[in-house]
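Everything below belongs to work.cif, which stores mmCIF, C-alpha atoms.
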```cif
data_upload
#
loop_
_atom_site.group_PDB
_atom_site.id
_atom_site.type_symbol
_atom_site.label_atom_id
_atom_site.label_comp_id
_atom_site.auth_asym_id
_atom_site.auth_seq_id
_atom_site.Cartn_x
_atom_site.Cartn_y
_atom_site.Cartn_z
ATOM 1 C CA MET Z 1369 -9.942 -1.469 -11.970
ATOM 2 C CA ARG Z 1370 -13.458 -0.550 -12.909
ATOM 3 C CA HIS Z 1371 -13.808 0.228 -16.619
ATOM 4 C CA ALA Z 1372 -13.768 3.895 -17.602
ATOM 5 C CA LYS Z 1373 -16.873 5.973 -18.348
ATOM 6 C CA ALA Z 1374 -19.001 4.334 -21.033
ATOM 7 C CA GLU Z 1375 -21.909 5.482 -23.131
ATOM 8 C CA PRO Z 1376 -25.260 4.801 -21.455
ATOM 9 C CA TYR Z 1377 -26.634 2.740 -24.350
ATOM 10 C CA GLY Z 1378 -25.339 0.445 -27.060
ATOM 11 C CA PRO Z 1379 -26.772 -2.245 -29.323
ATOM 12 C CA THR Z 1380 -26.309 -4.522 -26.269
ATOM 13 C CA ASP Z 1381 -24.783 -3.966 -22.839
ATOM 14 C CA HIS Z 1382 -21.732 -5.940 -23.989
ATOM 15 C CA GLU Z 1383 -21.223 -3.524 -26.911
ATOM 16 C CA ARG Z 1384 -21.282 -0.217 -25.010
ATOM 17 C CA ARG Z 1385 -18.242 1.905 -25.899
ATOM 18 C CA LEU Z 1386 -16.196 4.389 -23.890
ATOM 19 C CA THR Z 1387 -17.029 8.059 -24.047
ATOM 20 C CA ALA Z 1388 -14.293 10.570 -24.926
ATOM 21 C CA ARG Z 1389 -14.066 11.385 -21.215
ATOM 22 C CA GLY Z 1390 -13.717 7.672 -20.432
ATOM 23 C CA ARG Z 1391 -10.880 7.232 -22.888
ATOM 24 C CA GLY Z 1392 -9.098 10.242 -21.360
ATOM 25 C CA SER Z 1393 -9.464 8.955 -17.815
ATOM 26 C CA ALA Z 1394 -8.229 5.492 -18.860
ATOM 27 C CA LEU Z 1395 -5.130 7.077 -20.437
ATOM 28 C CA GLU Z 1396 -4.629 9.016 -17.206
ATOM 29 C CA ALA Z 1397 -5.004 5.797 -15.187
ATOM 30 C CA GLY Z 1398 -2.300 4.206 -17.308
ATOM 31 C CA ARG Z 1399 0.027 7.151 -16.725
ATOM 32 C CA HIS Z 1400 -0.699 6.873 -12.994
ATOM 33 C CA LEU Z 1401 0.227 3.175 -13.008
ATOM 34 C CA ARG Z 1402 3.542 4.048 -14.657
ATOM 35 C CA GLU Z 1403 4.202 6.820 -12.095
ATOM 36 C CA VAL Z 1404 3.616 4.514 -9.099
ATOM 37 C CA ASP Z 1405 5.531 1.622 -10.690
ATOM 38 C CA LEU Z 1406 2.512 -0.667 -11.069
ATOM 39 C CA VAL Z 1407 2.729 -1.231 -14.834
ATOM 40 C CA PRO Z 1408 0.892 -4.485 -15.535
ATOM 41 C CA GLU Z 1409 2.624 -7.517 -16.968
ATOM 42 C CA VAL Z 1410 -0.696 -9.350 -17.328
ATOM 43 C CA ALA Z 1411 -4.165 -7.883 -17.801
ATOM 44 C CA LEU Z 1412 -7.309 -9.903 -17.106
ATOM 45 C CA VAL Z 1413 -10.090 -8.051 -18.883
ATOM 46 C CA SER Z 1414 -13.823 -8.576 -19.233
ATOM 47 C CA SER Z 1415 -14.807 -9.367 -22.819
ATOM 48 C CA SER Z 1416 -17.026 -6.275 -23.170
ATOM 49 C CA VAL Z 1417 -16.174 -3.496 -25.620
ATOM 50 C CA ARG Z 1418 -15.831 -0.856 -22.878
ATOM 51 C CA THR Z 1419 -13.359 -2.932 -20.862
ATOM 52 C CA ARG Z 1420 -11.326 -3.759 -23.980
ATOM 53 C CA GLU Z 1421 -11.207 -0.050 -24.822
ATOM 54 C CA THR Z 1422 -10.259 0.772 -21.232
ATOM 55 C CA TRP Z 1423 -7.383 -1.718 -21.455
ATOM 56 C CA ALA Z 1424 -6.169 -0.261 -24.766
ATOM 57 C CA ALA Z 1425 -6.003 3.238 -23.262
ATOM 58 C CA VAL Z 1426 -4.434 2.040 -19.988
ATOM 59 C CA ALA Z 1427 -1.806 0.077 -21.933
ATOM 60 C CA GLU Z 1428 -1.037 3.142 -24.023
ATOM 61 C CA GLY Z 1429 -0.817 5.444 -21.013
ATOM 62 C CA SER Z 1430 1.286 3.066 -18.933
ATOM 63 C CA GLY Z 1431 3.645 2.057 -21.689
ATOM 64 C CA ALA Z 1432 2.523 -1.571 -21.328
ATOM 65 C CA PRO Z 1433 1.130 -2.357 -24.779
ATOM 66 C CA GLU Z 1434 3.055 -5.643 -24.793
ATOM 67 C CA ALA Z 1435 1.554 -6.899 -21.537
ATOM 68 C CA ARG Z 1436 -0.295 -10.174 -21.955
ATOM 69 C CA ALA Z 1437 -3.986 -9.338 -22.059
ATOM 70 C CA THR Z 1438 -6.634 -12.023 -21.740
ATOM 71 C CA PHE Z 1439 -10.250 -11.141 -22.490
ATOM 72 C CA LEU Z 1440 -12.623 -13.376 -20.573
ATOM 73 C CA GLU Z 1441 -16.369 -13.760 -20.947
ATOM 74 C CA THR Z 1442 -16.481 -15.015 -17.344
ATOM 75 C CA LEU Z 1443 -15.311 -11.576 -16.173
ATOM 76 C CA PHE Z 1444 -18.218 -9.856 -17.940
ATOM 77 C CA ALA Z 1445 -21.006 -11.444 -15.931
ATOM 78 C CA GLY Z 1446 -19.054 -13.166 -13.173
ATOM 79 C CA GLY Z 1447 -18.434 -12.132 -9.613
ATOM 80 C CA PRO Z 1448 -15.344 -11.945 -7.415
ATOM 81 C CA GLU Z 1449 -14.948 -15.736 -7.402
ATOM 82 C CA GLU Z 1450 -14.416 -15.775 -11.175
ATOM 83 C CA VAL Z 1451 -11.856 -12.964 -10.949
ATOM 84 C CA ILE Z 1452 -9.973 -14.735 -8.164
ATOM 85 C CA GLU Z 1453 -9.935 -17.970 -10.211
ATOM 86 C CA ALA Z 1454 -8.531 -16.078 -13.213
ATOM 87 C CA VAL Z 1455 -5.807 -14.470 -11.076
ATOM 88 C CA GLN Z 1456 -4.962 -17.812 -9.446
ATOM 89 C CA ALA Z 1457 -4.097 -19.127 -12.925
ATOM 90 C CA VAL Z 1458 -1.485 -16.397 -13.529
ATOM 91 C CA PRO Z 1459 2.065 -17.823 -13.611
ATOM 92 C CA GLU Z 1460 4.007 -17.330 -10.383
ATOM 93 C CA GLY Z 1461 6.779 -15.223 -11.956
ATOM 94 C CA VAL Z 1462 4.402 -12.421 -12.970
ATOM 95 C CA GLY Z 1463 4.827 -9.363 -10.785
ATOM 96 C CA THR Z 1464 1.840 -7.112 -11.564
ATOM 97 C CA VAL Z 1465 -1.641 -8.169 -12.671
ATOM 98 C CA LEU Z 1466 -4.401 -5.756 -13.680
ATOM 99 C CA TYR Z 1467 -8.063 -6.750 -13.599
ATOM 100 C CA ILE Z 1468 -10.456 -4.557 -15.605
ATOM 101 C CA GLY Z 1469 -14.115 -5.266 -15.062
ATOM 102 C CA HIS Z 1470 -17.431 -3.994 -13.834
ATOM 103 C CA ASN Z 1471 -19.225 -3.004 -10.682
ATOM 104 C CA PRO Z 1472 -20.334 -4.320 -8.308
ATOM 105 C CA THR Z 1473 -17.608 -6.966 -8.794
ATOM 106 C CA ALA Z 1474 -14.686 -4.494 -8.911
ATOM 107 C CA THR Z 1475 -15.682 -2.841 -5.641
ATOM 108 C CA PHE Z 1476 -16.543 -6.081 -3.869
ATOM 109 C CA LEU Z 1477 -13.270 -7.688 -4.984
ATOM 110 C CA ALA Z 1478 -11.153 -4.802 -3.665
ATOM 111 C CA HIS Z 1479 -12.863 -5.010 -0.275
ATOM 112 C CA LEU Z 1480 -12.663 -8.809 -0.205
ATOM 113 C CA LEU Z 1481 -8.921 -8.913 -0.903
ATOM 114 C CA ASP Z 1482 -8.032 -6.062 1.483
ATOM 115 C CA ASP Z 1483 -6.457 -7.195 4.763
ATOM 116 C CA GLY Z 1484 -7.351 -3.955 6.557
ATOM 117 C CA GLU Z 1485 -3.714 -2.908 7.021
ATOM 118 C CA GLY Z 1486 -3.363 -0.720 3.937
ATOM 119 C CA GLU Z 1487 -2.223 2.837 3.312
ATOM 120 C CA ALA Z 1488 -4.764 5.104 5.048
ATOM 121 C CA SER Z 1489 -5.451 7.580 2.230
ATOM 122 C CA ALA Z 1490 -5.757 4.790 -0.360
ATOM 123 C CA VAL Z 1491 -8.159 2.838 1.860
ATOM 124 C CA SER Z 1492 -10.168 6.012 2.470
ATOM 125 C CA GLY Z 1493 -10.485 6.566 -1.289
ATOM 126 C CA MET Z 1494 -11.579 2.987 -1.856
ATOM 127 C CA LEU Z 1495 -14.174 3.237 0.911
ATOM 128 C CA ARG Z 1496 -15.810 6.156 -0.928
ATOM 129 C CA GLY Z 1497 -16.521 3.824 -3.840
ATOM 130 C CA LEU Z 1498 -15.188 3.043 -7.292
ATOM 131 C CA PRO Z 1499 -16.554 5.389 -9.932
ATOM 132 C CA PRO Z 1500 -15.831 4.575 -13.584
ATOM 133 C CA GLY Z 1501 -12.087 4.426 -14.217
ATOM 134 C CA ALA Z 1502 -11.102 3.990 -10.564
ATOM 135 C CA LEU Z 1503 -8.029 1.920 -9.684
ATOM 136 C CA VAL Z 1504 -7.300 0.163 -6.413
ATOM 137 C CA GLY Z 1505 -3.695 -0.984 -6.082
ATOM 138 C CA LEU Z 1506 -3.193 -4.002 -3.850
ATOM 139 C CA GLU Z 1507 0.077 -5.495 -2.702
ATOM 140 C CA VAL Z 1508 -0.569 -9.235 -2.674
ATOM 141 C CA VAL Z 1509 1.329 -11.135 0.014
ATOM 142 C CA VAL Z 1510 0.858 -14.682 -1.322
ATOM 143 C CA PRO Z 1511 1.591 -16.463 -4.634
ATOM 144 C CA TRP Z 1512 -1.131 -15.832 -7.234
ATOM 145 C CA ALA Z 1513 -2.315 -19.430 -6.858
ATOM 146 C CA ASP Z 1514 -3.112 -18.765 -3.196
ATOM 147 C CA LEU Z 1515 -5.052 -15.529 -3.722
ATOM 148 C CA ALA Z 1516 -8.011 -15.434 -1.332
ATOM 149 C CA ALA Z 1517 -9.863 -13.063 0.978
ATOM 150 C CA GLU Z 1518 -7.605 -10.703 2.940
ATOM 151 C CA THR Z 1519 -4.396 -11.658 1.088
ATOM 152 C CA GLY Z 1520 -3.820 -8.155 -0.269
ATOM 153 C CA ARG Z 1521 -3.071 -4.757 1.190
ATOM 154 C CA VAL Z 1522 -4.415 -1.542 -0.368
ATOM 155 C CA VAL Z 1523 -1.415 0.583 -1.310
ATOM 156 C CA ASP Z 1524 -2.847 2.882 -3.985
ATOM 157 C CA PHE Z 1525 -6.127 4.426 -5.081
ATOM 158 C CA HIS Z 1526 -6.645 6.556 -8.182
ATOM 159 C CA VAL Z 1527 -9.647 8.207 -9.791
ATOM 160 C CA GLY Z 1528 -9.135 10.276 -12.920
ATOM 161 C CA ALA Z 1529 -10.628 13.656 -13.650
ATOM 162 C CA SER Z 1530 -14.328 13.538 -14.372
#
```
Just give me the structure of the file as structure tokens.
Amino acid sequence: MRHAKAEPYGPTDHERRLTARGRGSALEAGRHLREVDLVPEVALVSSSVRTRETWAAVAEGSGAPEARATFLETLFAGGPEEVIEAVQAVPEGVGTVLYIGHNPTATFLAHLLDDGEGEASAVSGMLRGLPPGALVGLEVVVPWADLAAETGRVVDFHVGAS
């Protein structure tokens, strides 16, 4: 997931907060995750304020406030490799993992993990890009420790109201 709509400026980039619209779309994203039965058990979240706020709203909307959230500095400035490493460390028994981060990493990661065999309308949505608050749901076909390129299938795409 790409973080929801944030203010254009803050004391630092790391400290930018969500706008009211961003908070609303993150709540909506959480409700969507509950509706499609993708409520996260673990959330891997960039350490920035806007991603933390996105997670809080998603957790509220999905009914997953008790999910284990980890806030990682490496996900703030890192690329897809850092996200994959973080997911590979998730215990095998966990069913659903949510990554909340930034572009271009969020978009690149979704494309990298996609095996090209996904649900047509979800893939079509993903190919149009990930605006703030967009979710790409992937069904991963390997243990978390083996996550790599083309080990997921796009099964869901959601963008909240702007």
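Atom pair atom CA of Z:Glu1453 / atom CA of Z:Pro1472 has a distance of 17.3 Å (rounded to one decimal).
When atom CA of Z:Glu1487 is paired with atom CA of Z:Leu1401, their separation reads 16.5 Å.
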Non-local contacts of Z:Val1455 (9 Å; all atoms listed in the file; under 2 positions in same chain excluded) as an MDAnalysis selection string: chainID Z and resid 1412 1450:1453 1457:1459 1465 1467 1512:1513 1515
Chain and number of each residue from the PyMOL selection byres ((chain Z and resi 1490-1495) around 10), as an MDAnalysis selection string: chainID Z and resid 1475 1478:1479 1482 1484:1489 1496:1499 1502:1506 1521:1527
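Remark: for Z:Gly1501, the closest of the candidate residues Z:Gly1446, Z:Gly1528, Z:Pro1433, Z:Gly1392 is Z:Gly1528 (distances computed over all atoms listed in the file).
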Hits from the PyMOL selection byres ((chain Z and resi 1397) around 12), listed as a VMD selection string: chain Z and resid 1369 to 1372 1390 to 1396 1398 to 1404 1406 to 1408 1422 to 1431 1466 1468 1500 to 1505 1524 to 1529
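Excluding Z:Val1508 itself and same-chain residues fewer than 2 positions from it, the residues having an atom within 6 Å of it are Leu1506, Val1510, Thr1519 and Gly1520 of chain Z, counting only C-alpha atoms.
Across the model, the gap from atom CA of Z:Pro1448 to atom CA of Z:Pro1511 is 17.7 Å.
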Taking all atoms of stretch 1440-1448 of chain Z that appear in the file, build a box with edges along x, y and z, extend it by 6 Å on every side, and state its centre and edge lengths in Å to one decimal, as lines of an AutoDock Vina configuration file.
```
center_x = -16.8
center_y = -12.4
center_z = -14.2
size_x = 20.4
size_y = 17.2
size_z = 25.5
```
Name the residues that the PyMOL selection byres ((chain Z and resi 1436) around 9) pulls out of this structure, and write them as a short mmCIF file (atom, residue, chain, number, x, y, z; two decimals) with C-alpha atoms, in the frame of the given file.
```
data_model
loop_
_atom_site.label_atom_id
_atom_site.label_comp_id
_atom_site.auth_asym_id
_atom_site.auth_seq_id
_atom_site.Cartn_x
_atom_site.Cartn_y
_atom_site.Cartn_z
CA PRO Z 1408 0.89 -4.49 -15.54
CA GLU Z 1409 2.62 -7.52 -16.97
CA VAL Z 1410 -0.70 -9.35 -17.33
CA ALA Z 1411 -4.16 -7.88 -17.80
CA LEU Z 1412 -7.31 -9.90 -17.11
CA PRO Z 1433 1.13 -2.36 -24.78
CA GLU Z 1434 3.06 -5.64 -24.79
CA ALA Z 1435 1.55 -6.90 -21.54
CA ALA Z 1437 -3.99 -9.34 -22.06
CA THR Z 1438 -6.63 -12.02 -21.74
#
```
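Taking all atoms listed in the file into account, Z:Arg1420 lies nearest to Z:Gly1469 out of the set Z:Gly1378, Z:Gly1447, Z:Gly1469, Z:Gly1463.
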Exercise: Z:Glu1383 partners within 9 Å, only C-alpha atoms, chain neighbours under 2 positions left out, as a list in words: Tyr1377, Gly1378, Pro1379, Thr1380, Asp1381, Arg1385, Ser1416, Val1417 and Arg1418 of chain Z
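Among the candidates Z:Asp1405, Z:Ser1414, Z:Asp1483, Z:Ala1445, the residue lying nearest to Z:Ala1432 is Z:Asp1405 (atoms considered: only C-alpha atoms).
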Where atoms are absent from stretch 1477-1488 of chain Z, fill them in so it carries all heavy atoms, then output it as a PDB file, keeping the file's coordinate frame.
```
ATOM      1  N   LEU Z1477     -14.560  -7.006  -4.945  1.00  0.00           N
ATOM      2  CA  LEU Z1477     -13.270  -7.688  -4.984  1.00  0.00           C
ATOM      3  C   LEU Z1477     -12.214  -6.921  -4.191  1.00  0.00           C
ATOM      4  O   LEU Z1477     -11.473  -7.522  -3.408  1.00  0.00           O
ATOM      5  CB  LEU Z1477     -12.820  -7.860  -6.431  1.00  0.00           C
ATOM      6  CG  LEU Z1477     -11.487  -8.561  -6.632  1.00  0.00           C
ATOM      7  CD1 LEU Z1477     -11.600 -10.040  -6.261  1.00  0.00           C
ATOM      8  CD2 LEU Z1477     -11.038  -8.409  -8.082  1.00  0.00           C
ATOM      9  N   ALA Z1478     -12.146  -5.612  -4.386  1.00  0.00           N
ATOM     10  CA  ALA Z1478     -11.153  -4.802  -3.665  1.00  0.00           C
ATOM     11  C   ALA Z1478     -11.349  -4.934  -2.156  1.00  0.00           C
ATOM     12  O   ALA Z1478     -10.382  -5.113  -1.410  1.00  0.00           O
ATOM     13  CB  ALA Z1478     -11.247  -3.345  -4.093  1.00  0.00           C
ATOM     14  N   HIS Z1479     -12.579  -4.874  -1.709  1.00  0.00           N
ATOM     15  CA  HIS Z1479     -12.863  -5.010  -0.275  1.00  0.00           C
ATOM     16  C   HIS Z1479     -12.567  -6.430   0.222  1.00  0.00           C
ATOM     17  O   HIS Z1479     -12.046  -6.602   1.326  1.00  0.00           O
ATOM     18  CB  HIS Z1479     -14.315  -4.638   0.027  1.00  0.00           C
ATOM     19  CG  HIS Z1479     -14.579  -3.184  -0.085  1.00  0.00           C
ATOM     20  ND1 HIS Z1479     -14.377  -2.303   0.952  1.00  0.00           N
ATOM     21  CD2 HIS Z1479     -15.011  -2.437  -1.131  1.00  0.00           C
ATOM     22  CE1 HIS Z1479     -14.685  -1.077   0.567  1.00  0.00           C
ATOM     23  NE2 HIS Z1479     -15.059  -1.130  -0.694  1.00  0.00           N
ATOM     24  N   LEU Z1480     -12.884  -7.419  -0.588  1.00  0.00           N
ATOM     25  CA  LEU Z1480     -12.663  -8.809  -0.205  1.00  0.00           C
ATOM     26  C   LEU Z1480     -11.176  -9.119  -0.037  1.00  0.00           C
ATOM     27  O   LEU Z1480     -10.767  -9.776   0.924  1.00  0.00           O
ATOM     28  CB  LEU Z1480     -13.260  -9.745  -1.265  1.00  0.00           C
ATOM     29  CG  LEU Z1480     -13.071 -11.245  -1.052  1.00  0.00           C
ATOM     30  CD1 LEU Z1480     -13.870 -11.714   0.157  1.00  0.00           C
ATOM     31  CD2 LEU Z1480     -13.489 -12.010  -2.297  1.00  0.00           C
ATOM     32  N   LEU Z1481     -10.353  -8.612  -0.949  1.00  0.00           N
ATOM     33  CA  LEU Z1481      -8.921  -8.913  -0.903  1.00  0.00           C
ATOM     34  C   LEU Z1481      -8.171  -8.111   0.144  1.00  0.00           C
ATOM     35  O   LEU Z1481      -7.112  -8.525   0.616  1.00  0.00           O
ATOM     36  CB  LEU Z1481      -8.292  -8.682  -2.281  1.00  0.00           C
ATOM     37  CG  LEU Z1481      -8.778  -9.607  -3.394  1.00  0.00           C
ATOM     38  CD1 LEU Z1481      -8.150  -9.204  -4.721  1.00  0.00           C
ATOM     39  CD2 LEU Z1481      -8.494 -11.066  -3.076  1.00  0.00           C
ATOM     40  N   ASP Z1482      -8.700  -6.960   0.538  1.00  0.00           N
ATOM     41  CA  ASP Z1482      -8.032  -6.062   1.483  1.00  0.00           C
ATOM     42  C   ASP Z1482      -7.905  -6.693   2.868  1.00  0.00           C
ATOM     43  O   ASP Z1482      -8.880  -7.180   3.426  1.00  0.00           O
ATOM     44  CB  ASP Z1482      -8.820  -4.757   1.577  1.00  0.00           C
ATOM     45  CG  ASP Z1482      -8.228  -3.782   2.562  1.00  0.00           C
ATOM     46  OD1 ASP Z1482      -6.994  -3.766   2.732  1.00  0.00           O
ATOM     47  OD2 ASP Z1482      -9.012  -3.015   3.165  1.00  0.00           O
ATOM     48  N   ASP Z1483      -6.686  -6.639   3.427  1.00  0.00           N
ATOM     49  CA  ASP Z1483      -6.457  -7.195   4.763  1.00  0.00           C
ATOM     50  C   ASP Z1483      -6.694  -6.189   5.889  1.00  0.00           C
ATOM     51  O   ASP Z1483      -6.518  -6.503   7.064  1.00  0.00           O
ATOM     52  CB  ASP Z1483      -5.053  -7.796   4.880  1.00  0.00           C
ATOM     53  CG  ASP Z1483      -3.943  -6.743   4.846  1.00  0.00           C
ATOM     54  OD1 ASP Z1483      -4.220  -5.536   4.731  1.00  0.00           O
ATOM     55  OD2 ASP Z1483      -2.767  -7.154   4.927  1.00  0.00           O
ATOM     56  N   GLY Z1484      -7.065  -4.965   5.547  1.00  0.00           N
ATOM     57  CA  GLY Z1484      -7.351  -3.955   6.557  1.00  0.00           C
ATOM     58  C   GLY Z1484      -6.130  -3.231   7.081  1.00  0.00           C
ATOM     59  O   GLY Z1484      -6.243  -2.400   7.978  1.00  0.00           O
ATOM     60  N   GLU Z1485      -4.955  -3.510   6.537  1.00  0.00           N
ATOM     61  CA  GLU Z1485      -3.714  -2.908   7.021  1.00  0.00           C
ATOM     62  C   GLU Z1485      -3.101  -1.954   6.003  1.00  0.00           C
ATOM     63  O   GLU Z1485      -1.921  -1.620   6.094  1.00  0.00           O
ATOM     64  CB  GLU Z1485      -2.698  -4.017   7.345  1.00  0.00           C
ATOM     65  CG  GLU Z1485      -3.163  -4.994   8.388  1.00  0.00           C
ATOM     66  CD  GLU Z1485      -3.332  -4.367   9.759  1.00  0.00           C
ATOM     67  OE1 GLU Z1485      -2.536  -3.476  10.107  1.00  0.00           O
ATOM     68  OE2 GLU Z1485      -4.276  -4.756  10.472  1.00  0.00           O
ATOM     69  N   GLY Z1486      -3.889  -1.505   5.040  1.00  0.00           N
ATOM     70  CA  GLY Z1486      -3.363  -0.720   3.937  1.00  0.00           C
ATOM     71  C   GLY Z1486      -3.039   0.725   4.259  1.00  0.00           C
ATOM     72  O   GLY Z1486      -3.213   1.200   5.380  1.00  0.00           O
ATOM     73  N   GLU Z1487      -2.582   1.427   3.228  1.00  0.00           N
ATOM     74  CA  GLU Z1487      -2.223   2.837   3.312  1.00  0.00           C
ATOM     75  C   GLU Z1487      -3.506   3.640   3.543  1.00  0.00           C
ATOM     76  O   GLU Z1487      -4.471   3.501   2.794  1.00  0.00           O
ATOM     77  CB  GLU Z1487      -1.522   3.239   2.001  1.00  0.00           C
ATOM     78  CG  GLU Z1487      -0.715   4.498   2.072  1.00  0.00           C
ATOM     79  CD  GLU Z1487      -1.565   5.748   1.950  1.00  0.00           C
ATOM     80  OE1 GLU Z1487      -2.486   5.813   1.121  1.00  0.00           O
ATOM     81  OE2 GLU Z1487      -1.302   6.678   2.722  1.00  0.00           O
ATOM     82  N   ALA Z1488      -3.532   4.456   4.580  1.00  0.00           N
ATOM     83  CA  ALA Z1488      -4.764   5.104   5.048  1.00  0.00           C
ATOM     84  C   ALA Z1488      -5.474   5.917   3.971  1.00  0.00           C
ATOM     85  O   ALA Z1488      -6.691   5.805   3.812  1.00  0.00           O
ATOM     86  CB  ALA Z1488      -4.462   5.983   6.269  1.00  0.00           C
TER      87      ALA Z1488
END
```
